[in-house]
file start08.cif (mmCIF, C-alpha atoms)
data_data
#
loop_
_atom_site.label_atom_id
_atom_site.label_comp_id
_atom_site.auth_asym_id
_atom_site.auth_seq_id
_atom_site.Cartn_x
_atom_site.Cartn_y
_atom_site.Cartn_z
CA MET A 7 0.00 0.00 0.00
CA SER A 8 1.35 3.43 -0.93
CA VAL A 9 2.04 6.13 1.67
CA LYS A 10 -0.49 8.31 -0.13
CA HIS A 11 -3.26 5.71 0.31
CA ARG A 12 -2.44 5.18 3.98
CA TYR A 13 -2.61 8.96 4.54
CA LEU A 14 -5.98 9.26 2.79
CA TRP A 15 -7.43 6.39 4.82
CA LEU A 16 -6.08 7.91 8.03
CA LEU A 17 -7.97 11.09 7.18
CA LEU A 18 -11.10 8.99 6.63
CA ALA A 19 -10.63 7.26 9.97
CA ILE A 20 -10.42 10.52 11.95
CA SER A 21 -13.11 12.43 10.07
CA LEU A 22 -16.02 10.01 9.74
CA PRO A 23 -19.05 11.98 8.58
CA ALA A 24 -22.36 11.58 10.34
CA TYR A 25 -24.89 9.21 8.80
CA ALA A 26 -28.60 8.81 9.44
CA ASN A 27 -29.59 5.75 11.45
CA GLU A 28 -33.35 5.87 11.08
CA CYS A 29 -33.90 2.64 13.05
CA PRO A 30 -32.31 3.01 16.52
CA ASP A 31 -34.37 0.09 17.88
CA ALA A 32 -33.44 -2.30 15.04
CA PRO A 33 -32.68 -5.88 16.16
CA PHE A 34 -29.78 -6.18 13.70
CA ARG A 35 -26.44 -4.41 13.67
CA SER A 36 -24.90 -6.73 11.06
CA SER A 37 -25.92 -8.12 7.67
CA PHE A 38 -24.53 -10.20 4.87
CA LEU A 39 -24.11 -8.85 1.35
CA GLN A 40 -23.46 -11.11 -1.65
CA PRO A 41 -21.40 -9.30 -4.32
CA LEU A 42 -21.71 -10.18 -8.01
CA ALA A 43 -19.49 -9.39 -10.98
CA SER A 44 -22.22 -7.07 -12.26
CA ASP A 45 -21.86 -4.98 -9.09
CA LEU A 46 -18.53 -3.69 -10.41
CA GLU A 47 -20.49 -1.88 -13.13
CA ARG A 48 -22.79 -0.02 -10.75
CA PRO A 49 -22.22 3.76 -10.73
CA ALA A 50 -20.51 5.04 -7.59
CA GLN A 51 -23.55 7.19 -6.77
CA GLU A 52 -25.78 4.12 -6.82
CA TRP A 53 -23.50 2.26 -4.41
CA GLN A 54 -23.29 5.30 -2.13
CA ALA A 55 -27.07 5.48 -1.92
CA LYS A 56 -27.35 1.72 -1.37
CA LEU A 57 -24.80 1.68 1.45
CA ALA A 58 -26.34 4.75 3.08
CA GLY A 59 -29.72 3.01 2.92
CA ILE A 60 -28.29 -0.08 4.60
CA ALA A 61 -26.79 2.05 7.38
CA ALA A 62 -30.09 3.86 7.84
CA THR A 63 -31.72 0.56 8.91
CA GLY A 64 -29.30 0.37 11.86
CA ILE A 65 -26.68 -1.87 10.24
CA GLU A 66 -23.10 -1.11 11.30
CA THR A 67 -21.27 -4.19 9.97
CA LEU A 68 -21.40 -5.91 6.58
CA TYR A 69 -20.14 -9.42 5.88
CA LEU A 70 -19.15 -9.42 2.20
CA GLN A 71 -19.81 -13.12 1.64
CA TRP A 72 -16.97 -13.68 -0.81
CA SER A 73 -14.23 -11.88 -2.71
CA VAL A 74 -13.89 -14.63 -5.31
CA TYR A 75 -16.89 -16.49 -6.70
CA GLY A 76 -17.54 -17.53 -10.29
CA ASP A 77 -16.37 -14.72 -12.57
CA LEU A 78 -15.98 -12.25 -9.69
CA ASP A 79 -12.48 -11.70 -8.30
CA LEU A 80 -12.02 -8.67 -6.07
CA SER A 81 -8.38 -9.53 -5.42
CA GLN A 82 -7.22 -8.68 -8.96
CA ASP A 83 -6.54 -5.18 -10.23
CA THR A 84 -10.04 -4.36 -11.50
CA GLY A 85 -11.63 -5.81 -8.38
CA ILE A 86 -9.18 -4.02 -6.09
CA GLY A 87 -9.97 -0.73 -7.80
CA PHE A 88 -13.67 -1.30 -7.20
CA LEU A 89 -13.17 -2.54 -3.64
CA THR A 90 -11.04 0.46 -2.66
CA GLY A 91 -13.75 2.93 -3.66
CA TRP A 92 -16.47 0.70 -2.23
CA LEU A 93 -14.76 0.55 1.17
CA ASP A 94 -14.42 4.35 1.12
CA GLN A 95 -18.18 4.57 0.55
CA ALA A 96 -18.92 1.99 3.23
CA HIS A 97 -16.79 3.91 5.71
CA SER A 98 -18.45 7.20 4.87
CA SER A 99 -21.79 5.52 5.71
CA GLY A 100 -20.50 4.33 9.08
CA LEU A 101 -20.09 0.69 8.04
CA SER A 102 -17.30 -1.74 8.87
CA VAL A 103 -16.71 -4.70 6.55
CA HIS A 104 -15.64 -8.32 6.90
CA LEU A 105 -14.21 -9.61 3.61
CA GLY A 106 -15.09 -13.12 2.46
CA LEU A 107 -12.41 -15.12 0.68
CA VAL A 108 -12.86 -17.85 -1.98
CA ALA A 109 -16.33 -19.37 -2.35
CA ASP A 110 -16.54 -22.58 -4.38
CA ALA A 111 -19.93 -23.50 -5.83
CA ASP A 112 -18.89 -27.18 -5.73
CA PHE A 113 -17.92 -27.15 -2.04
CA GLY A 114 -20.92 -29.22 -0.94
CA THR A 115 -20.09 -31.96 -3.43
CA ARG A 116 -16.33 -31.96 -3.06
CA ILE A 117 -16.39 -32.42 0.73
CA THR A 118 -18.10 -35.81 0.29
CA GLU A 119 -15.10 -37.26 -1.59
CA PRO A 120 -12.76 -39.98 -0.22
CA ALA A 121 -9.90 -39.11 2.11
CA ASP A 122 -7.13 -38.44 -0.43
CA ALA A 123 -9.37 -36.36 -2.68
CA LEU A 124 -10.82 -34.42 0.26
CA SER A 125 -7.37 -33.66 1.65
CA ALA A 126 -6.18 -32.38 -1.74
CA TYR A 127 -9.34 -30.32 -2.22
CA LEU A 128 -9.17 -28.61 1.18
CA SER A 129 -5.46 -27.93 0.70
CA ASP A 130 -6.10 -26.31 -2.69
CA LEU A 131 -9.07 -24.27 -1.43
CA ARG A 132 -7.05 -23.10 1.56
CA ALA A 133 -4.11 -22.09 -0.64
CA ARG A 134 -6.40 -20.14 -2.96
CA SER A 135 -8.12 -18.31 -0.09
CA LEU A 136 -4.87 -17.44 1.65
CA ALA A 137 -3.39 -16.16 -1.62
CA VAL A 138 -6.46 -13.93 -2.07
CA ALA A 139 -6.11 -12.73 1.53
CA GLY A 140 -2.47 -11.87 0.90
CA ARG A 141 -3.32 -9.80 -2.18
CA LEU A 142 -6.18 -8.02 -0.42
CA ASP A 143 -4.15 -7.29 2.70
CA ALA A 144 -1.31 -5.84 0.62
CA ARG A 145 -3.65 -3.39 -1.11
CA ILE A 146 -6.45 -2.57 1.34
CA GLY A 147 -5.30 -4.07 4.63
CA GLY A 148 -5.02 -0.68 6.32
CA HIS A 149 -8.43 0.61 5.28
CA PRO A 150 -10.42 1.83 8.32
CA ALA A 151 -13.58 0.05 7.12
CA PHE A 152 -11.86 -3.36 6.94
CA ALA A 153 -12.61 -5.19 10.19
CA GLY A 154 -12.13 -8.90 9.53
CA TRP A 155 -12.12 -11.96 7.30
CA TYR A 156 -14.96 -14.36 6.51
CA LEU A 157 -14.43 -17.96 5.37
CA PRO A 158 -17.18 -18.77 2.82
CA GLU A 159 -17.09 -22.57 3.34
CA GLU A 160 -20.28 -23.29 5.28
CA ILE A 161 -19.97 -26.18 7.75
CA ASP A 162 -23.02 -28.47 7.82
CA ASP A 163 -24.07 -31.22 10.24
CA ARG A 164 -24.13 -33.96 7.60
CA SER A 165 -20.76 -34.11 5.85
CA TRP A 166 -18.33 -34.36 8.78
CA ALA A 167 -19.54 -37.58 10.39
CA ASP A 168 -16.31 -39.62 10.55
CA ALA A 169 -13.31 -38.89 12.76
CA TRP A 170 -10.93 -38.64 9.80
CA GLN A 171 -13.20 -36.03 8.17
CA VAL A 172 -13.32 -33.98 11.36
CA ASP A 173 -9.52 -34.19 11.66
CA MET A 174 -9.11 -32.83 8.12
CA LEU A 175 -11.56 -30.03 8.80
CA ARG A 176 -9.83 -29.19 12.08
CA GLU A 177 -6.49 -28.85 10.29
CA HIS A 178 -8.06 -26.86 7.45
CA LEU A 179 -9.58 -24.30 9.83
CA ARG A 180 -6.58 -24.18 12.17
CA ALA A 181 -4.19 -23.46 9.30
CA GLN A 182 -6.40 -20.74 7.83
CA VAL A 183 -7.10 -18.97 11.12
CA GLU A 184 -3.47 -19.04 12.23
CA THR A 185 -2.19 -17.79 8.86
CA LEU A 186 -4.76 -14.99 8.72
CA ALA A 187 -3.89 -14.01 12.30
CA ARG A 188 -0.24 -13.66 11.33
CA LEU A 189 -1.16 -11.73 8.19
CA SER A 190 -3.45 -9.23 9.94
CA PRO A 191 -3.37 -9.68 13.73
CA ALA A 192 -6.05 -7.07 14.43
CA LYS A 193 -8.68 -8.68 12.17
CA THR A 194 -11.23 -11.28 13.25
CA VAL A 195 -11.95 -14.47 11.29
CA SER A 196 -15.53 -15.77 10.96
CA ILE A 197 -17.26 -18.78 9.43
CA SER A 198 -20.89 -19.93 9.28
CA THR A 199 -22.51 -23.27 10.06
CA TYR A 200 -25.95 -24.78 9.63
CA VAL A 201 -27.96 -27.82 10.65
CA SER A 202 -30.38 -30.04 8.76
CA GLY A 203 -31.12 -32.60 11.46
CA ALA A 204 -28.77 -35.14 9.91
CA ARG A 205 -26.98 -35.54 13.25
CA SER A 206 -28.17 -35.03 16.79
CA ALA A 207 -27.70 -31.77 18.67
CA ASP A 208 -25.14 -33.52 20.91
CA GLN A 209 -23.15 -34.68 17.87
CA PHE A 210 -23.22 -31.20 16.39
CA GLU A 211 -22.02 -29.82 19.71
CA ASP A 212 -19.17 -32.36 19.72
CA LEU A 213 -18.17 -31.28 16.20
CA TRP A 214 -17.85 -27.65 17.24
CA ARG A 215 -16.04 -28.48 20.44
CA ALA A 216 -13.42 -30.18 18.29
CA LEU A 217 -13.24 -27.40 15.72
CA TRP A 218 -13.11 -24.61 18.30
CA ALA A 219 -10.35 -26.48 20.14
CA ALA A 220 -8.27 -26.28 16.97
CA ALA A 221 -9.20 -22.66 16.19
CA PRO A 222 -10.36 -21.05 19.45
CA HIS A 223 -10.42 -17.51 18.07
CA LEU A 224 -12.68 -18.38 15.14
CA HIS A 225 -16.00 -16.52 15.24
CA LEU A 226 -18.87 -18.92 14.60
CA LEU A 227 -22.07 -17.69 12.91
CA LEU A 228 -24.99 -20.14 13.19
CA GLN A 229 -27.65 -19.94 10.46
CA ASP A 230 -31.12 -20.22 11.98
CA GLY A 231 -32.45 -22.09 8.93
CA ALA A 232 -35.89 -20.47 9.05
CA GLY A 233 -35.67 -19.45 5.40
CA VAL A 234 -35.34 -23.02 4.15
CA GLY A 235 -37.46 -24.59 6.90
CA ALA A 236 -35.04 -27.46 7.45
CA LEU A 237 -36.02 -28.03 11.10
CA PRO A 238 -38.96 -27.17 13.35
CA ARG A 239 -38.09 -24.21 15.57
CA ALA A 240 -38.12 -26.22 18.81
CA GLU A 241 -35.70 -28.78 17.37
CA PHE A 242 -33.35 -26.12 16.01
CA ASN A 243 -33.29 -24.45 19.41
CA GLU A 244 -31.57 -27.55 20.84
CA TYR A 245 -28.67 -27.06 18.40
CA ALA A 246 -28.49 -23.34 19.14
CA GLN A 247 -28.48 -23.95 22.88
CA GLY A 248 -25.59 -26.39 22.48
CA ILE A 249 -23.48 -23.80 20.66
CA ASN A 250 -24.51 -21.21 23.24
CA GLN A 251 -23.35 -23.41 26.10
CA ILE A 252 -19.95 -24.13 24.54
CA ALA A 253 -19.39 -20.44 23.83
CA ALA A 254 -20.38 -19.42 27.35
CA GLY A 255 -18.25 -22.09 28.97
CA GLN A 256 -15.13 -21.62 26.84
CA ASP A 257 -15.29 -17.88 26.08
CA ARG A 258 -15.90 -18.37 22.36
CA TYR A 259 -17.50 -15.77 20.08
CA TRP A 260 -20.67 -16.72 18.22
CA GLY A 261 -23.47 -15.05 16.34
CA MET A 262 -26.92 -16.02 15.06
CA ILE A 263 -27.78 -15.47 11.41
CA VAL A 264 -31.49 -14.67 11.16
CA GLU A 265 -32.82 -15.45 7.69
CA LEU A 266 -35.16 -12.81 6.28
CA PHE A 267 -36.35 -14.94 3.34
CA SER A 268 -38.70 -17.81 2.56
CA GLN A 269 -37.29 -20.20 -0.02
CA GLU A 270 -39.58 -20.97 -2.96
CA SER A 271 -37.37 -23.24 -5.10
CA GLY A 272 -33.90 -24.72 -5.36
CA PRO A 273 -32.01 -27.33 -3.32
CA PRO A 274 -32.91 -28.89 -0.94
CA LEU A 275 -36.54 -28.30 -2.00
CA ASP A 276 -36.06 -29.22 -5.67
CA ASP A 277 -33.56 -29.03 -8.53
CA ALA A 278 -34.76 -25.68 -9.87
CA PRO A 279 -32.71 -22.46 -9.52
CA PHE A 280 -32.87 -20.83 -6.10
CA SER A 281 -35.66 -18.34 -5.56
CA ALA A 282 -37.08 -16.78 -2.41
CA THR A 283 -39.48 -14.15 -1.17
CA ALA A 284 -39.06 -11.79 1.77
CA ALA A 285 -40.30 -13.40 4.98
CA PRO A 286 -43.43 -12.18 6.77
CA ILE A 287 -42.67 -10.00 9.78
CA GLU A 288 -44.53 -12.38 12.12
CA ARG A 289 -42.05 -15.14 11.36
CA VAL A 290 -39.06 -12.81 11.69
CA ARG A 291 -40.28 -11.73 15.14
CA GLN A 292 -40.57 -15.39 16.17
CA GLN A 293 -36.97 -15.93 15.05
CA LEU A 294 -35.83 -12.92 17.06
CA ASP A 295 -37.78 -14.10 20.12
CA ALA A 296 -35.93 -17.43 19.89
CA VAL A 297 -32.59 -15.60 19.89
CA ALA A 298 -33.63 -13.47 22.85
CA ALA A 299 -34.58 -16.61 24.82
CA LEU A 300 -30.99 -17.91 24.72
CA THR A 301 -28.98 -17.25 27.89
CA PRO A 302 -26.47 -15.63 27.80
CA GLY A 303 -27.13 -15.55 24.07
CA PRO A 304 -25.07 -14.75 20.99
CA ASP A 305 -22.54 -11.96 20.77
CA GLU A 306 -24.07 -10.80 17.50
CA THR A 307 -27.35 -11.11 15.57
CA ILE A 308 -26.82 -10.95 11.80
CA ALA A 309 -29.47 -10.52 9.12
CA PHE A 310 -29.47 -12.51 5.92
CA SER A 311 -29.89 -10.18 4.42
CA VAL A 312 -30.88 -6.52 4.65
CA PRO A 313 -29.74 -5.56 1.10
CA GLU A 314 -31.53 -8.49 -0.54
CA TYR A 315 -34.78 -8.97 1.35
CA LEU A 316 -35.43 -5.79 3.33
CA LEU A 317 -34.33 -3.17 0.79
CA ASP A 318 -34.47 -4.73 -2.71
CA PRO A 319 -37.82 -3.68 -4.25
CA THR A 320 -37.60 -6.45 -6.87
CA ARG A 321 -38.01 -9.14 -4.18
CA PRO A 322 -41.59 -10.39 -3.70
CA GLY A 323 -42.86 -9.46 -0.27
CA GLN A 324 -40.12 -6.86 0.32
CA ASP A 325 -42.44 -3.88 0.58
CA GLU A 326 -44.62 -5.59 3.21
CA LEU A 327 -41.60 -6.65 5.26
CA LEU A 328 -39.95 -3.23 5.10
CA SER A 329 -43.17 -1.39 6.00
CA ALA A 330 -43.76 -3.61 9.03
CA TYR A 331 -40.08 -3.44 10.04
CA ARG A 332 -40.11 0.35 9.95
CA ARG A 333 -43.28 0.52 12.06
CA LEU A 334 -41.66 -1.65 14.71
CA TYR A 335 -38.09 -0.42 14.81
CA CYS A 336 -37.69 2.90 13.01
CA ARG A 337 -38.58 6.56 13.27
CA LEU A 338 -41.59 7.19 11.03
#
call {"tool": "encode", "arguments": {"input": "start08.cif", "output": "structure tokens"}}
result
Amino acid sequence: MSVKHRYLWLLLAISLPAYANECPDAPFRSSFLQPLASDLERPAQEWQAKLAGIAATGIETLYLQWSVYGDLDLSQDTGIGFLTGWLDQAHSSGLSVHLGLVADADFGTRITEPADALSAYLSDLRARSLAVAGRLDARIGGHPAFAGWYLPEEIDDRSWADAWQVDMLREHLRAQVETLARLSPAKTVSISTYVSGARSADQFEDLWRALWAAAPHLHLLLQDGAGVGALPRAEFNEYAQGINQIAAGQDRYWGMIVELFSQESGPPLDDAPFSATAAPIERVRQQLDAVAALTPGPDETIAFSVPEYLLDPTRPGQDELLSAYRRLYCRL
């Protein structure tokens, strides 16, 4: 990073302009955002308005779900140019950002392969992600909006059933977290996990005890699954309580991802492309009540996602959800 860029970002850090949080009672302070290659073509003014709108709902932290996915690569020159300006805009709106690394669309299939193939796959994925992290850190590592890393590989309760699989996953996460900590010691590292009922709550708890033992500083974000309806709420609460108890007993950081959508098509429902509508506010309030009932509860409650389902007017049901959300949590 050039001295000039560090100086400009220092000025940004000490002169953050005020932004309008219209929803001081909002239940979320964090949200995911899924970038696409087409987003690089958006005019800067459009992104500025979008980020300001996100901040106005009470969001202070964005998890950019990936930096590399399909034909999007934010770690190369064109992507870095976009990301630099985008982080400036995020910062001016009062937002901090966690940068996702490499997301592989085939991850769910590849992790079911035999031992040798799985070991080679995880090693290659890890090398790719760490190379991306190195390029990003070299160019934007000192940006005041950049708060942490996010690992896009989502850990499920089905694929890591055998001890040898858990051992490989432990090593995969340990190596990534330790390398990222050396690269940027002040940044956090997060990953998400979800349950389908394939294993018991006790088995899921055992999995995360093992993984957290290998990477104790890893921030765990548990998807509540309400959008896909994988589990009845009472059954899911057993899994959430298990994670809550480990975190409380071992001083681990965890967050709950509250899904703001209702899936209409796509796996695991069917083989069609994924589609979803914005969730009804009554269901979202039930999800939030379930989070509030956990003691001591998560360190963070994250929406999935404010940009897509609360603010995108092309999403079916968005207007109803936003109107109800504003009545409950915002200044009218």
call {"tool": "resolve_selection", "arguments": {"input": "start08.cif", "expression": "the PyMOL selection byres ((chain A and resi 43-53) around 10)", "output": "ChimeraX atom specification"}}
result
/A:40-42,54-59,74-80,84-85,87-89,91-92,95-96
call {"tool": "closest_residue", "arguments": {"input": "start08.cif", "among": "A:Asp230, A:Glu306, A:Asp168, A:Asp295", "to": "Leu266 (chain A)", "atoms": "all atoms listed in the file"}}
result
A:Asp230
call {"tool": "residues_around", "arguments": {"input": "start08.cif", "residues": "region 115-131 of chain A", "least_positions_apart": "6", "cutoff": "7 Å", "atoms": "all atoms listed in the file", "output": "CSV table (one decimal) with C-alpha atoms, keeping the file's coordinate frame"}}
result
chain,number,residue,atom,x,y,z
A,165,SER,CA,-20.8,-34.1,5.8
A,174,MET,CA,-9.1,-32.8,8.1
A,178,HIS,CA,-8.1,-26.9,7.4
call {"tool": "resolve_selection", "arguments": {"input": "start08.cif", "expression": "the PyMOL selection byres ((chain A and resi 303) around 10)", "output": "PyMOL selection string"}}
result
chain A and resi 246-247+249-251+253-254+260-262+296-302+304-307
call {"tool": "residues_around", "arguments": {"input": "start08.cif", "residues": "Asp162 (chain A)", "least_positions_apart": "3", "cutoff": "8 Å", "atoms": "all atoms listed in the file", "output": "PyMOL selection string"}}
result
chain A and resi 165-166+199-202
call {"tool": "write_last_selection", "arguments": {"input": "start08.cif", "atoms": "C-alpha atoms", "output": "JSON list (two decimals), in the coordinates of the input"}}
result
[["chain", "number", "residue", "atom", "x", "y", "z"],
["A", 165, "SER", "CA", -20.76, -34.11, 5.85],
["A", 166, "TRP", "CA", -18.33, -34.36, 8.78],
["A", 199, "THR", "CA", -22.51, -23.27, 10.06],
["A", 200, "TYR", "CA", -25.95, -24.78, 9.63],
["A", 201, "VAL", "CA", -27.96, -27.82, 10.65],
["A", 202, "SER", "CA", -30.38, -30.04, 8.76]]
call {"tool": "residues_around", "arguments": {"input": "start08.cif", "residues": "Ala61 (chain A)", "least_positions_apart": "3", "cutoff": "9 Å", "atoms": "all atoms listed in the file", "output": "PyMOL selection string"}}
result
chain A and resi 25-28+56-58+64-67+96+99-101
call {"tool": "closest_residue", "arguments": {"input": "start08.cif", "among": "A:Gly255, A:Pro158, A:Pro279, A:Gly248", "to": "Val195 (chain A)", "atoms": "all atoms listed in the file"}}
result
A:Pro158
call {"tool": "residues_around", "arguments": {"input": "start08.cif", "residues": "region 217-224 of chain A", "least_positions_apart": "5", "cutoff": "12 Å", "atoms": "all atoms listed in the file", "output": "PyMOL selection string"}}
result
chain A and resi 154-157+161+166+169+171-187+191-199+210-212+249+252-253+256-261
call {"tool": "closest_residue", "arguments": {"input": "start08.cif", "among": "A:Trp214, A:Tyr315, A:Phe34, A:Phe267", "to": "Arg289 (chain A)", "atoms": "all atoms listed in the file"}}
result
A:Phe267
call {"tool": "atom_distance", "arguments": {"input": "start08.cif", "atom1": "CA of Leu275 (chain A)", "atom2": "CA of Gly235 (chain A)"}}
result
9.7 Å
call {"tool": "closest_residue", "arguments": {"input": "start08.cif", "among": "A:Asp277, A:Asp110, A:Glu270, A:Asp325", "to": "Ser135 (chain A)", "atoms": "all atoms listed in the file"}}
result
A:Asp110
call {"tool": "resolve_selection", "arguments": {"input": "start08.cif", "expression": "the PyMOL selection byres ((chain A and resi 268) around 7)", "output": "count of residues only"}}
result
9
call {"tool": "residues_around", "arguments": {"input": "start08.cif", "residues": "Trp72 (chain A)", "least_positions_apart": "2", "cutoff": "6 Å", "atoms": "only C-alpha atoms", "output": "list in words"}}
result
Leu70, Val74, Gly106, Leu107, Val108 and Ala109 of chain A
call {"tool": "atom_distance", "arguments": {"input": "start08.cif", "atom1": "CA of Ala309 (chain A)", "atom2": "CA of Ser37 (chain A)"}}
result
4.5 Å
